[in-house]
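What follows is a set of notes on a single structure, which appears directly below.
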Amino acid sequence: DFELELVTVDSLGFADACRWVLRDIGATTSPGHKGNDDFIQEGQRLQITKASIEERKTRPPRFIQEHELIRLMDSNRIGTDASMAVHVSNIVDRGYVMLCDETGQPIRPPGPPGKRKNLPRQIGRYMIPTPLGSSLLGLFDHDATASNVDSPAMLSHPSIRRQMEEEVKEVAIGNIDKDFCLEKNLNWFEDRYAELEGSLTRERIGQFGSNLRSTRDYLRYLQRFDTFEPRVAVPKGQQPKKKARPNYAMKRKGGGQGQKRKGGQGQNQRRNNRAKQNNT
């Protein structure tokens, strides 16, 4: 038995002008749409043109993307529609994660239009944990089973953030006093950080420091495990041209060796005049 999964789009919208969006998500237009006459129908017989056996290794799961993280935050009742994007940008700005495309290349900052025509288009916005972010989770003992709400491991768990969001809603309704809620959460965080500080040993701090490395080296390390999609080579004709370096050498008029500079003649004339004045 063979199975075929297709993603169809009933209404193109802006994708009618940006057809590469359909290719990125592996989608096709609905049956009967213009330019889609070769759509496979149920019960249709297909001719086998090639059969081959390939040996591959299991690839690690893909990293989460920005929109997937926002979806998880929404399902866990973390943040609001106005604050979710701020939470995502905070962890990027603080260096806990880095944004890369599907090939593991860091996302290029936006530039003026027309300046990057020959650069390959980047697909996806994957959030790759940096060595700093992963080391901090290890310092918090994130993988430990935090059955107690007063455990320092809860500092990195989403349940605490969800609880704070629910308490803020209760404050807005008027069921909880604002000052009481604020003091309660501040005391909880102070106690957890005090417990975390007391649990830090030289060995744990040394392990934290040894795990830190540059993001470029970390991306190379991940590429060894076939974590990203292979990069597509840019054809030679489409490679960006290197700009010629400007020549800052001053050019002399005439270029002859026997030609004297005007500035040099003026200096000699002034020296002769001064010598004549001194003699007189």
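Starting from 1 in every chain, residues are counted up; chains themselves are A, B, ... following the order of the structure tokens, and ligands are numbered from 1 as listed.
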Region 73-80 of chain A surroundings by only C-alpha atoms, 10 Å radius, close-in-sequence under 2 positions cut, as number ranges by chain:
A: 67-71, 82-87, 158-166
Contacts of Glu66 (chain A) at 12 Å or less, counting only C-alpha atoms, minus same-chain residues fewer than 5 places along, as JSON, numbers by chain?
{"A": [71, 72, 73, 84, 85, 86, 87, 88, 89, 91, 92, 97, 98, 99, 100, 101, 124, 125, 126, 127, 128]}
I need the residues from that last selection saved to file as a PDB file, in the first residue's frame (with N, CA, C and O atoms), if you can.
```
ATOM      1  N   ARG A  71       2.402  29.463  19.528  1.00  0.00           N
ATOM      2  CA  ARG A  71       1.247  28.566  19.647  1.00  0.00           C
ATOM      3  C   ARG A  71       1.278  27.798  20.971  1.00  0.00           C
ATOM      4  O   ARG A  71       0.249  27.620  21.629  1.00  0.00           O
ATOM      5  N   LEU A  72       2.488  27.341  21.370  1.00  0.00           N
ATOM      6  CA  LEU A  72       2.609  26.650  22.657  1.00  0.00           C
ATOM      7  C   LEU A  72       2.333  27.590  23.827  1.00  0.00           C
ATOM      8  O   LEU A  72       1.708  27.199  24.821  1.00  0.00           O
ATOM      9  N   MET A  73       2.801  28.818  23.731  1.00  0.00           N
ATOM     10  CA  MET A  73       2.523  29.793  24.779  1.00  0.00           C
ATOM     11  C   MET A  73       1.029  30.052  24.900  1.00  0.00           C
ATOM     12  O   MET A  73       0.487  30.185  26.006  1.00  0.00           O
ATOM     13  N   MET A  84       3.179  38.297  23.770  1.00  0.00           N
ATOM     14  CA  MET A  84       3.855  37.077  23.330  1.00  0.00           C
ATOM     15  C   MET A  84       5.065  37.386  22.463  1.00  0.00           C
ATOM     16  O   MET A  84       6.133  36.794  22.634  1.00  0.00           O
ATOM     17  N   ALA A  85       4.906  38.317  21.532  1.00  0.00           N
ATOM     18  CA  ALA A  85       6.025  38.658  20.657  1.00  0.00           C
ATOM     19  C   ALA A  85       7.171  39.279  21.449  1.00  0.00           C
ATOM     20  O   ALA A  85       8.349  39.081  21.112  1.00  0.00           O
ATOM     21  N   VAL A  86       6.855  40.008  22.522  1.00  0.00           N
ATOM     22  CA  VAL A  86       7.902  40.606  23.353  1.00  0.00           C
ATOM     23  C   VAL A  86       8.680  39.525  24.083  1.00  0.00           C
ATOM     24  O   VAL A  86       9.908  39.594  24.204  1.00  0.00           O
ATOM     25  N   HIS A  87       7.982  38.492  24.582  1.00  0.00           N
ATOM     26  CA  HIS A  87       8.667  37.388  25.263  1.00  0.00           C
ATOM     27  C   HIS A  87       9.640  36.683  24.318  1.00  0.00           C
ATOM     28  O   HIS A  87      10.765  36.331  24.711  1.00  0.00           O
ATOM     29  N   VAL A  88       9.223  36.484  23.066  1.00  0.00           N
ATOM     30  CA  VAL A  88      10.078  35.808  22.095  1.00  0.00           C
ATOM     31  C   VAL A  88      11.304  36.661  21.775  1.00  0.00           C
ATOM     32  O   VAL A  88      12.440  36.164  21.729  1.00  0.00           O
ATOM     33  N   SER A  89      11.095  37.948  21.562  1.00  0.00           N
ATOM     34  CA  SER A  89      12.227  38.820  21.238  1.00  0.00           C
ATOM     35  C   SER A  89      13.181  38.970  22.419  1.00  0.00           C
ATOM     36  O   SER A  89      14.389  39.154  22.225  1.00  0.00           O
ATOM     37  N   ILE A  91      14.129  36.641  24.669  1.00  0.00           N
ATOM     38  CA  ILE A  91      15.060  35.522  24.784  1.00  0.00           C
ATOM     39  C   ILE A  91      16.062  35.528  23.638  1.00  0.00           C
ATOM     40  O   ILE A  91      17.168  34.997  23.764  1.00  0.00           O
ATOM     41  N   VAL A  92      15.694  36.152  22.510  1.00  0.00           N
ATOM     42  CA  VAL A  92      16.643  36.291  21.408  1.00  0.00           C
ATOM     43  C   VAL A  92      17.648  37.394  21.720  1.00  0.00           C
ATOM     44  O   VAL A  92      18.861  37.229  21.534  1.00  0.00           O
ATOM     45  N   VAL A  97      18.622  32.125  22.759  1.00  0.00           N
ATOM     46  CA  VAL A  97      18.390  31.399  21.512  1.00  0.00           C
ATOM     47  C   VAL A  97      18.850  32.289  20.362  1.00  0.00           C
ATOM     48  O   VAL A  97      19.013  33.505  20.529  1.00  0.00           O
ATOM     49  N   MET A  98      19.058  31.679  19.197  1.00  0.00           N
ATOM     50  CA  MET A  98      19.392  32.433  17.992  1.00  0.00           C
ATOM     51  C   MET A  98      18.469  31.967  16.865  1.00  0.00           C
ATOM     52  O   MET A  98      18.072  30.794  16.805  1.00  0.00           O
ATOM     53  N   LEU A  99      18.132  32.880  16.004  1.00  0.00           N
ATOM     54  CA  LEU A  99      17.238  32.587  14.897  1.00  0.00           C
ATOM     55  C   LEU A  99      18.050  32.161  13.682  1.00  0.00           C
ATOM     56  O   LEU A  99      18.961  32.873  13.252  1.00  0.00           O
ATOM     57  N   CYS A 100      17.724  30.988  13.135  1.00  0.00           N
ATOM     58  CA  CYS A 100      18.413  30.455  11.960  1.00  0.00           C
ATOM     59  C   CYS A 100      17.381  29.951  10.964  1.00  0.00           C
ATOM     60  O   CYS A 100      16.222  29.672  11.328  1.00  0.00           O
ATOM     61  N   ASP A 101      17.803  29.819   9.706  1.00  0.00           N
ATOM     62  CA  ASP A 101      16.927  29.234   8.700  1.00  0.00           C
ATOM     63  C   ASP A 101      17.064  27.719   8.725  1.00  0.00           C
ATOM     64  O   ASP A 101      17.729  27.148   9.598  1.00  0.00           O
ATOM     65  N   GLY A 124      12.238  29.638   6.834  1.00  0.00           N
ATOM     66  CA  GLY A 124      12.056  29.240   8.230  1.00  0.00           C
ATOM     67  C   GLY A 124      12.747  30.191   9.195  1.00  0.00           C
ATOM     68  O   GLY A 124      13.718  30.868   8.841  1.00  0.00           O
ATOM     69  N   ARG A 125      12.219  30.225  10.408  1.00  0.00           N
ATOM     70  CA  ARG A 125      12.817  30.999  11.498  1.00  0.00           C
ATOM     71  C   ARG A 125      12.884  30.078  12.717  1.00  0.00           C
ATOM     72  O   ARG A 125      12.004  30.122  13.593  1.00  0.00           O
ATOM     73  N   TYR A 126      13.923  29.243  12.735  1.00  0.00           N
ATOM     74  CA  TYR A 126      14.084  28.244  13.786  1.00  0.00           C
ATOM     75  C   TYR A 126      14.831  28.849  14.971  1.00  0.00           C
ATOM     76  O   TYR A 126      15.788  29.606  14.800  1.00  0.00           O
ATOM     77  N   MET A 127      14.393  28.488  16.162  1.00  0.00           N
ATOM     78  CA  MET A 127      14.982  29.015  17.395  1.00  0.00           C
ATOM     79  C   MET A 127      15.955  27.978  17.943  1.00  0.00           C
ATOM     80  O   MET A 127      15.559  26.950  18.498  1.00  0.00           O
ATOM     81  N   ILE A 128      17.249  28.238  17.756  1.00  0.00           N
ATOM     82  CA  ILE A 128      18.295  27.319  18.171  1.00  0.00           C
ATOM     83  C   ILE A 128      18.800  27.741  19.549  1.00  0.00           C
ATOM     84  O   ILE A 128      19.270  28.871  19.715  1.00  0.00           O
TER      85      ILE A 128
END
```
Could you check the closest approach to Arg220 (chain A) for each of A:Gly206, A:Gly95, A:Gly43, A:Gly104 and tell me which residue wins, using only C-alpha atoms?
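Closest candidate: A:Gly104.
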Go ahead and compute the interatomic distance for CA of Pro131 (chain A) and CA of Pro230 (chain A), in Å to one decimal.
22.8 Å
Rounded to one decimal place, report the CA of Ala27 (chain A)-CA of Gln44 (chain A) distance in Å.
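For CA of Ala27 (chain A) relative to CA of Gln44 (chain A), the distance reads 20.2 Å.
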Based on the backbone DSSP call, show me all residues of region 31-170 of chain A assigned helix (DSSP H, G or I), as a PyMOL selection string.
chain A and resi 66-75+84-93+131-139+152-156+158-170
Atom pair CA of Leu212 (chain A) / CA of Asp141 (chain A): separation (Å)
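According to the coordinates, CA of Leu212 (chain A) and CA of Asp141 (chain A) are separated by 16.6 Å.
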For Thr103 (chain A): contacts at 6 Å, only C-alpha atoms, fewer than 4 positions along chain excluded, given as a list in words:
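Result of the neighbour search: Phe228, Glu229, Pro230 and Arg231 of chain A.
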Non-local contacts of Gly26 (chain A) (9 Å; only C-alpha atoms; under 6 positions in same chain excluded) as an mmCIF file with all heavy atoms, in the first residue's frame:
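The file below, out18.cif, is the result:
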```cif
data_model
loop_
_atom_site.group_PDB
_atom_site.id
_atom_site.type_symbol
_atom_site.label_atom_id
_atom_site.label_comp_id
_atom_site.auth_asym_id
_atom_site.auth_seq_id
_atom_site.Cartn_x
_atom_site.Cartn_y
_atom_site.Cartn_z
ATOM 1 N N LEU A 6 -1.125 15.399 0.521
ATOM 2 C CA LEU A 6 -1.023 16.655 -0.201
ATOM 3 C C LEU A 6 -1.630 17.776 0.630
ATOM 4 O O LEU A 6 -2.601 17.567 1.353
ATOM 5 C CB LEU A 6 -1.751 16.569 -1.548
ATOM 6 C CG LEU A 6 -1.206 15.555 -2.566
ATOM 7 C CD1 LEU A 6 -2.122 15.488 -3.770
ATOM 8 C CD2 LEU A 6 0.194 15.944 -2.992
ATOM 9 N N VAL A 7 -1.045 18.923 0.517
ATOM 10 C CA VAL A 7 -1.575 20.126 1.169
ATOM 11 C C VAL A 7 -2.152 21.011 0.084
ATOM 12 O O VAL A 7 -1.439 21.446 -0.823
ATOM 13 C CB VAL A 7 -0.469 20.882 1.946
ATOM 14 C CG1 VAL A 7 -1.043 22.139 2.591
ATOM 15 C CG2 VAL A 7 0.156 19.982 2.988
ATOM 16 N N THR A 8 -3.453 21.245 0.153
ATOM 17 C CA THR A 8 -4.125 22.057 -0.857
ATOM 18 C C THR A 8 -4.542 23.390 -0.251
ATOM 19 O O THR A 8 -4.840 23.485 0.938
ATOM 20 C CB THR A 8 -5.369 21.331 -1.399
ATOM 21 O OG1 THR A 8 -6.275 21.082 -0.313
ATOM 22 C CG2 THR A 8 -4.992 20.025 -2.062
#
```
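Shortest atom-to-atom contact with Glu190 (chain A) among A:Glu54, A:Glu203, A:Asp150, A:Arg216: A:Asp150, counting only C-alpha atoms.
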Nearest to Gln122 (chain A) among A:Gln105, A:Gln47, A:Ser199, A:Gln41, with distances taken over only C-alpha atoms: which residue is it?
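Between A:Gln105, A:Gln47, A:Ser199, A:Gln41, the residue approaching Gln122 (chain A) most closely is A:Gln105.
Residues of region 47-107 of chain A that DSSP, applied to the backbone, places in strand (DSSP E): Val97, Met98, Leu99 and Cys100 of chain A.
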